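Data from data.cif: mmCIF, C-alpha atoms
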```cif
data_input
loop_
_atom_site.group_PDB
_atom_site.id
_atom_site.type_symbol
_atom_site.label_atom_id
_atom_site.label_comp_id
_atom_site.auth_asym_id
_atom_site.auth_seq_id
_atom_site.Cartn_x
_atom_site.Cartn_y
_atom_site.Cartn_z
ATOM 1 C CA MET A 16 0.000 0.000 0.000
ATOM 2 C CA LYS A 17 1.449 3.325 -1.055
ATOM 3 C CA VAL A 18 1.747 5.782 1.851
ATOM 4 C CA GLU A 19 4.084 8.531 0.645
ATOM 5 C CA PHE A 20 2.512 11.087 -1.676
ATOM 6 C CA THR A 21 3.297 14.434 -3.198
ATOM 7 C CA LEU A 22 0.408 16.901 -3.027
ATOM 8 C CA SER A 23 -0.416 16.201 -6.680
ATOM 9 C CA GLU A 24 -0.314 12.416 -6.190
ATOM 10 C CA ALA A 25 -2.524 12.677 -3.088
ATOM 11 C CA ASN A 26 -5.097 14.723 -5.003
ATOM 12 C CA ASP A 27 -5.064 12.281 -7.922
ATOM 13 C CA PHE A 28 -5.513 9.336 -5.554
ATOM 14 C CA ILE A 29 -8.359 11.033 -3.678
ATOM 15 C CA ASP A 30 -10.068 12.036 -6.930
ATOM 16 C CA SER A 31 -9.871 8.413 -8.125
ATOM 17 C CA ILE A 32 -11.859 7.091 -5.145
ATOM 18 C CA LYS A 33 -14.429 9.872 -4.624
ATOM 19 C CA GLU A 34 -17.141 8.140 -6.640
ATOM 20 C CA GLN A 35 -16.914 5.001 -4.502
ATOM 21 C CA PHE A 36 -17.722 6.707 -1.188
ATOM 22 C CA ASP A 37 -20.266 9.159 0.176
ATOM 23 C CA ILE A 38 -17.650 11.122 2.121
ATOM 24 C CA VAL A 39 -13.936 11.396 1.420
ATOM 25 C CA ARG A 40 -11.935 13.620 3.718
ATOM 26 C CA VAL A 41 -8.454 14.075 5.123
ATOM 27 C CA VAL A 42 -7.954 14.571 8.844
ATOM 28 C CA GLU A 43 -5.149 15.422 11.210
ATOM 29 C CA PRO A 44 -6.107 13.169 14.142
ATOM 30 C CA LEU A 45 -3.907 14.695 16.848
ATOM 31 C CA LYS A 46 -5.500 18.100 16.266
ATOM 32 C CA GLN A 47 -8.924 16.581 15.435
ATOM 33 C CA LYS A 48 -9.049 18.844 12.392
ATOM 34 C CA VAL A 49 -10.292 18.282 8.867
ATOM 35 C CA VAL A 50 -7.779 19.211 6.189
ATOM 36 C CA ASP A 51 -8.709 20.750 2.829
ATOM 37 C CA VAL A 52 -8.281 17.943 0.326
ATOM 38 C CA LYS A 53 -6.881 20.090 -2.484
ATOM 39 C CA THR A 54 -4.406 22.202 -0.513
ATOM 40 C CA MET A 55 -3.797 19.917 2.499
ATOM 41 C CA LYS A 56 -4.180 22.972 4.736
ATOM 42 C CA GLU A 57 -5.941 22.687 8.074
ATOM 43 C CA THR A 58 -9.529 23.966 8.158
ATOM 44 C CA THR A 59 -11.592 25.112 11.133
ATOM 45 C CA ASP A 60 -13.763 21.978 10.868
ATOM 46 C CA VAL A 61 -13.470 19.497 13.726
ATOM 47 C CA CYS A 62 -13.419 15.869 12.602
ATOM 48 C CA VAL A 63 -15.974 14.635 15.171
ATOM 49 C CA SER A 64 -18.664 17.060 13.984
ATOM 50 C CA LEU A 65 -19.453 14.624 11.156
ATOM 51 C CA TRP A 66 -20.813 12.240 13.803
ATOM 52 C CA GLY A 67 -22.564 14.907 15.868
ATOM 53 C CA ARG A 68 -20.048 14.619 18.701
ATOM 54 C CA CYS A 69 -18.154 17.159 20.741
ATOM 55 C CA SER A 70 -15.323 14.861 21.780
ATOM 56 C CA ARG A 71 -13.103 12.251 20.141
ATOM 57 C CA CYS A 72 -14.792 9.023 19.009
ATOM 58 C CA GLU A 73 -14.420 6.176 21.489
ATOM 59 C CA ASN A 74 -12.866 4.005 18.818
ATOM 60 C CA CYS A 75 -11.082 6.553 16.653
ATOM 61 C CA THR A 76 -9.790 4.717 13.613
ATOM 62 C CA SER A 77 -7.751 7.735 12.536
ATOM 63 C CA ASN A 78 -5.757 7.728 15.773
ATOM 64 C CA ARG A 79 -5.147 4.004 15.410
ATOM 65 C CA VAL A 80 -4.028 4.491 11.806
ATOM 66 C CA LEU A 81 -1.656 7.247 12.831
ATOM 67 C CA LEU A 82 -0.019 4.864 15.323
ATOM 68 C CA THR A 83 0.137 1.820 13.036
ATOM 69 C CA LYS A 84 0.719 3.706 9.777
ATOM 70 C CA GLY A 85 -1.747 1.313 8.158
ATOM 71 C CA ARG A 86 -5.527 1.008 7.844
ATOM 72 C CA ALA A 87 -8.471 0.590 10.194
ATOM 73 C CA MET A 88 -12.198 0.122 9.712
ATOM 74 C CA LYS A 89 -15.309 0.532 11.809
ATOM 75 C CA VAL A 90 -19.066 0.644 11.608
ATOM 76 C CA GLU A 91 -20.853 3.744 12.892
ATOM 77 C CA ILE A 92 -24.560 3.618 13.623
ATOM 78 C CA LEU A 93 -26.373 6.931 13.969
ATOM 79 C CA GLY A 94 -30.073 6.526 14.574
ATOM 80 C CA ASP A 95 -31.354 4.360 11.746
ATOM 81 C CA ARG A 96 -28.300 4.923 9.505
ATOM 82 C CA THR A 97 -25.308 2.596 9.176
ATOM 83 C CA PHE A 98 -21.928 3.827 7.959
ATOM 84 C CA PHE A 99 -18.750 1.939 7.087
ATOM 85 C CA VAL A 100 -15.621 3.977 7.785
ATOM 86 C CA ILE A 101 -12.200 3.113 6.402
ATOM 87 C CA SER A 102 -9.229 5.152 7.561
ATOM 88 C CA ARG A 103 -5.873 5.018 5.769
ATOM 89 C CA TYR A 104 -2.476 6.488 6.643
ATOM 90 C CA MET A 105 -0.976 9.022 4.227
ATOM 91 C CA LEU A 106 2.318 10.865 4.332
ATOM 92 C CA VAL A 107 1.750 13.908 2.119
ATOM 93 C CA GLU A 108 4.963 15.791 1.488
ATOM 94 C CA GLY A 109 6.254 14.650 4.879
ATOM 95 C CA ARG A 110 3.037 15.463 6.777
ATOM 96 C CA GLU A 111 1.248 12.635 8.599
ATOM 97 C CA LEU A 112 -2.439 12.632 7.683
ATOM 98 C CA VAL A 113 -5.299 10.165 7.549
ATOM 99 C CA LEU A 114 -7.658 9.664 4.641
ATOM 100 C CA GLU A 115 -11.158 8.812 5.871
ATOM 101 C CA THR A 116 -13.659 7.280 3.487
ATOM 102 C CA VAL A 117 -17.263 6.858 4.590
ATOM 103 C CA TYR A 118 -19.912 4.761 2.910
ATOM 104 C CA ASP A 119 -23.570 5.133 3.924
ATOM 105 C CA ALA A 120 -24.670 1.494 3.884
ATOM 106 C CA SER A 121 -28.112 2.173 5.342
ATOM 107 C CA SER A 122 -29.970 0.938 2.291
ATOM 108 C CA ASP A 123 -27.487 -1.889 1.577
ATOM 109 C CA PHE A 124 -26.884 -3.252 5.070
ATOM 110 C CA MET A 125 -29.341 -6.126 5.413
ATOM 111 C CA LEU A 126 -30.523 -6.822 8.959
ATOM 112 C CA GLU A 127 -33.862 -7.928 10.289
ATOM 113 C CA SER A 128 -35.322 -5.443 12.756
ATOM 114 C CA ALA A 129 -34.742 -7.828 15.694
ATOM 115 C CA GLN A 130 -31.072 -8.183 14.739
ATOM 116 C CA ARG A 131 -30.524 -4.456 14.330
ATOM 117 C CA GLY A 132 -30.687 -3.762 18.084
ATOM 118 C CA VAL A 133 -28.331 -6.630 18.877
ATOM 119 C CA VAL A 134 -25.805 -5.562 16.231
ATOM 120 C CA THR A 135 -26.034 -1.935 17.385
ATOM 121 C CA GLN A 136 -25.290 -2.955 20.970
ATOM 122 C CA LEU A 137 -22.387 -5.141 19.865
ATOM 123 C CA ILE A 138 -20.844 -2.312 17.852
ATOM 124 C CA LYS A 139 -21.348 0.211 20.656
ATOM 125 C CA GLY A 140 -19.808 -2.233 23.133
ATOM 126 C CA TYR A 141 -16.850 -2.859 20.845
ATOM 127 C CA ASN A 142 -16.318 0.858 20.258
ATOM 128 C CA HIS A 143 -16.404 1.481 24.004
#
```

Can you dump the structure from the file as structure tokens?
Amino acid sequence: MKVEFTLSEANDFIDSIKEQFDIVRVVEPLKQKVVDVKTMKETTDVCVSLWGRCSRCENCTSNRVLLTKGRAMKVEILGDRTFFVISRYMLVEGRELVLETVYDASSDFMLESAQRGVVTQLIKGYNH
């Protein structure tokens, strides 16, 4: 897996995967900031705001990725919506960043209503 990118290579890579995911963003996990994809400059957006939180996610895949310099995945359930999150380490012109891709699987994730509560509790327990 390629991890070192120039700014141009990072933008080309991100552009190539945008159609596969509902959300594609770059974050700086230690600062909890979203980074502008095109310029790789820090924005005022806080990464957890996507999930309606004020503090770091219990099971922050981006922090894990920053430590392992690899990939991590998780399932986020917000109300009746199910999201698959894949985080991937990127070194863009020497700067450690994480690419987060989010797929809204709400209409594709097949669970019977009785199973949904059980799966939700399992995921919440795992994240905790």

Given the PyMOL selection byres ((chain A and resi 99-108) around 7), the residues it picks as a PyMOL selection string:
chain A and resi 18-22+25+76-77+80-81+84-91+97-98+109-120

Could you dump the residues just selected with C-alpha atoms as a tab-separated table (two decimals), keeping the file's coordinate frame?
```tsv
chain	number	residue	atom	x	y	z
A	18	VAL	CA	1.75	5.78	1.85
A	19	GLU	CA	4.08	8.53	0.64
A	20	PHE	CA	2.51	11.09	-1.68
A	21	THR	CA	3.30	14.43	-3.20
A	22	LEU	CA	0.41	16.90	-3.03
A	25	ALA	CA	-2.52	12.68	-3.09
A	76	THR	CA	-9.79	4.72	13.61
A	77	SER	CA	-7.75	7.74	12.54
A	80	VAL	CA	-4.03	4.49	11.81
A	81	LEU	CA	-1.66	7.25	12.83
A	84	LYS	CA	0.72	3.71	9.78
A	85	GLY	CA	-1.75	1.31	8.16
A	86	ARG	CA	-5.53	1.01	7.84
A	87	ALA	CA	-8.47	0.59	10.19
A	88	MET	CA	-12.20	0.12	9.71
A	89	LYS	CA	-15.31	0.53	11.81
A	90	VAL	CA	-19.07	0.64	11.61
A	91	GLU	CA	-20.85	3.74	12.89
A	97	THR	CA	-25.31	2.60	9.18
A	98	PHE	CA	-21.93	3.83	7.96
A	109	GLY	CA	6.25	14.65	4.88
A	110	ARG	CA	3.04	15.46	6.78
A	111	GLU	CA	1.25	12.64	8.60
A	112	LEU	CA	-2.44	12.63	7.68
A	113	VAL	CA	-5.30	10.16	7.55
A	114	LEU	CA	-7.66	9.66	4.64
A	115	GLU	CA	-11.16	8.81	5.87
A	116	THR	CA	-13.66	7.28	3.49
A	117	VAL	CA	-17.26	6.86	4.59
A	118	TYR	CA	-19.91	4.76	2.91
A	119	ASP	CA	-23.57	5.13	3.92
A	120	ALA	CA	-24.67	1.49	3.88
```

Using Å and a single decimal, report how far CA of Ile29 in chain A sits from CA of Thr58 in chain A.
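A separation of 17.6 Å between them.
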
Could you work out an axis-aligned box for range 51-70 of chain A, taking every atom the file lists and adding 6 Å on each side, and report centre and edge lengths in Å to one decimal, as lines of an AutoDock Vina configuration file?
```
center_x = -13.2
center_y = 18.7
center_z = 9.6
size_x = 30.8
size_y = 24.9
size_z = 36.3
```

Could you state which residues are captured by the PyMOL selection byres ((chain A and resi 51) around 12) in this file, as a short mmCIF file (atom, residue, chain, number, x, y, z; two decimals) with C-alpha atoms, keeping the file's coordinate frame?
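What landed in result_13.cif:
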```cif
data_model
loop_
_atom_site.label_atom_id
_atom_site.label_comp_id
_atom_site.auth_asym_id
_atom_site.auth_seq_id
_atom_site.Cartn_x
_atom_site.Cartn_y
_atom_site.Cartn_z
CA LEU A 22 0.41 16.90 -3.03
CA ALA A 25 -2.52 12.68 -3.09
CA ASN A 26 -5.10 14.72 -5.00
CA ILE A 29 -8.36 11.03 -3.68
CA VAL A 39 -13.94 11.40 1.42
CA ARG A 40 -11.94 13.62 3.72
CA VAL A 41 -8.45 14.08 5.12
CA VAL A 42 -7.95 14.57 8.84
CA GLU A 43 -5.15 15.42 11.21
CA LYS A 48 -9.05 18.84 12.39
CA VAL A 49 -10.29 18.28 8.87
CA VAL A 50 -7.78 19.21 6.19
CA VAL A 52 -8.28 17.94 0.33
CA LYS A 53 -6.88 20.09 -2.48
CA THR A 54 -4.41 22.20 -0.51
CA MET A 55 -3.80 19.92 2.50
CA LYS A 56 -4.18 22.97 4.74
CA GLU A 57 -5.94 22.69 8.07
CA THR A 58 -9.53 23.97 8.16
CA THR A 59 -11.59 25.11 11.13
CA ASP A 60 -13.76 21.98 10.87
CA VAL A 61 -13.47 19.50 13.73
CA CYS A 62 -13.42 15.87 12.60
CA LEU A 112 -2.44 12.63 7.68
CA LEU A 114 -7.66 9.66 4.64
#
```

Looking at only C-alpha atoms, which of A:Ser23, A:Phe28, A:Asp37, A:Leu45 is the one that sits closest to Arg79 in chain A?
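Smallest distance to Arg79 in chain A is found for A:Leu45.
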
Measure the distance from CA of Gln47 in chain A to CA of Leu65 in chain A in Å and round it to one decimal.
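Separation of CA of Gln47 in chain A and CA of Leu65 in chain A: 11.5 Å.
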
Could you check how far CA of Ile32 in chain A sits from CA of Lys17 in chain A, in Å to one decimal?
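Those two atoms sit 14.4 Å apart.
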
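With only C-alpha atoms as the atoms that count, the residue of A:Ser121, A:Leu93, A:Lys46, A:Phe36 with the shortest distance to Trp66 in chain A is A:Leu93.
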
Atoms added to range 81-106 of chain A (N, CA, C and O atoms), reported as a short mmCIF file (atom, residue, chain, number, x, y, z; two decimals), in the frame of the given file:
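Writing the result to part-v8.cif gives the following:
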```
data_model
loop_
_atom_site.label_atom_id
_atom_site.label_comp_id
_atom_site.auth_asym_id
_atom_site.auth_seq_id
_atom_site.Cartn_x
_atom_site.Cartn_y
_atom_site.Cartn_z
N LEU A 81 -2.83 6.42 12.64
CA LEU A 81 -1.66 7.25 12.83
C LEU A 81 -0.57 6.47 13.59
O LEU A 81 0.61 6.58 13.27
N LEU A 82 -0.98 5.66 14.55
CA LEU A 82 -0.02 4.86 15.32
C LEU A 82 0.56 3.70 14.52
O LEU A 82 1.75 3.42 14.59
N THR A 83 -0.30 3.02 13.75
CA THR A 83 0.14 1.82 13.04
C THR A 83 0.67 2.11 11.64
O THR A 83 1.30 1.26 11.03
N LYS A 84 0.34 3.31 11.14
CA LYS A 84 0.72 3.71 9.78
C LYS A 84 0.15 2.72 8.75
O LYS A 84 0.79 2.40 7.76
N GLY A 85 -1.08 2.28 9.03
CA GLY A 85 -1.75 1.31 8.16
C GLY A 85 -3.17 1.73 7.87
O GLY A 85 -3.42 2.87 7.48
N ARG A 86 -4.10 0.78 8.09
CA ARG A 86 -5.53 1.01 7.84
C ARG A 86 -6.33 0.52 9.04
O ARG A 86 -5.89 -0.35 9.77
N ALA A 87 -7.53 1.06 9.17
CA ALA A 87 -8.47 0.59 10.19
C ALA A 87 -9.88 0.84 9.68
O ALA A 87 -10.11 1.75 8.89
N MET A 88 -10.81 0.00 10.13
CA MET A 88 -12.20 0.12 9.71
C MET A 88 -13.12 0.04 10.92
O MET A 88 -12.76 -0.56 11.93
N LYS A 89 -14.30 0.66 10.78
CA LYS A 89 -15.31 0.53 11.81
C LYS A 89 -16.68 0.76 11.21
O LYS A 89 -16.81 1.25 10.08
N VAL A 90 -17.69 0.40 11.97
CA VAL A 90 -19.07 0.64 11.61
C VAL A 90 -19.60 1.68 12.59
O VAL A 90 -19.41 1.55 13.80
N GLU A 91 -20.21 2.71 12.07
CA GLU A 91 -20.85 3.74 12.89
C GLU A 91 -22.35 3.64 12.66
O GLU A 91 -22.79 3.58 11.51
N ILE A 92 -23.11 3.63 13.74
CA ILE A 92 -24.56 3.62 13.62
C ILE A 92 -25.08 4.88 14.28
O ILE A 92 -24.82 5.13 15.46
N LEU A 93 -25.76 5.69 13.48
CA LEU A 93 -26.37 6.93 13.97
C LEU A 93 -27.86 6.85 13.70
O LEU A 93 -28.29 6.93 12.54
N GLY A 94 -28.63 6.67 14.75
CA GLY A 94 -30.07 6.53 14.57
C GLY A 94 -30.36 5.30 13.74
O GLY A 94 -29.96 4.19 14.09
N ASP A 95 -31.03 5.49 12.61
CA ASP A 95 -31.35 4.36 11.75
C ASP A 95 -30.40 4.26 10.55
O ASP A 95 -30.67 3.55 9.60
N ARG A 96 -29.26 4.93 10.61
CA ARG A 96 -28.30 4.92 9.51
C ARG A 96 -27.05 4.14 9.91
O ARG A 96 -26.60 4.23 11.05
N THR A 97 -26.50 3.41 8.96
CA THR A 97 -25.31 2.60 9.18
C THR A 97 -24.22 3.05 8.21
O THR A 97 -24.45 3.13 7.00
N PHE A 98 -23.05 3.34 8.76
CA PHE A 98 -21.93 3.83 7.96
C PHE A 98 -20.72 2.91 8.14
O PHE A 98 -20.42 2.49 9.26
N PHE A 99 -20.03 2.62 7.04
CA PHE A 99 -18.75 1.94 7.09
C PHE A 99 -17.67 3.00 6.91
O PHE A 99 -17.72 3.80 5.97
N VAL A 100 -16.71 2.99 7.81
CA VAL A 100 -15.62 3.98 7.78
C VAL A 100 -14.30 3.23 7.60
O VAL A 100 -14.01 2.29 8.34
N ILE A 101 -13.54 3.66 6.62
CA ILE A 101 -12.20 3.11 6.40
C ILE A 101 -11.22 4.27 6.49
O ILE A 101 -11.35 5.26 5.78
N SER A 102 -10.26 4.13 7.38
CA SER A 102 -9.23 5.15 7.56
C SER A 102 -7.90 4.59 7.06
O SER A 102 -7.60 3.42 7.28
N ARG A 103 -7.12 5.45 6.41
CA ARG A 103 -5.87 5.02 5.77
C ARG A 103 -4.79 6.07 5.99
O ARG A 103 -5.03 7.25 5.80
N TYR A 104 -3.62 5.61 6.40
CA TYR A 104 -2.48 6.49 6.64
C TYR A 104 -1.95 7.06 5.34
O TYR A 104 -1.86 6.36 4.32
N MET A 105 -1.60 8.35 5.36
CA MET A 105 -0.98 9.02 4.23
C MET A 105 0.13 9.95 4.73
O MET A 105 -0.08 10.67 5.70
N LEU A 106 1.24 9.93 4.06
CA LEU A 106 2.32 10.86 4.33
C LEU A 106 2.39 11.77 3.11
O LEU A 106 2.87 11.37 2.05
#
```
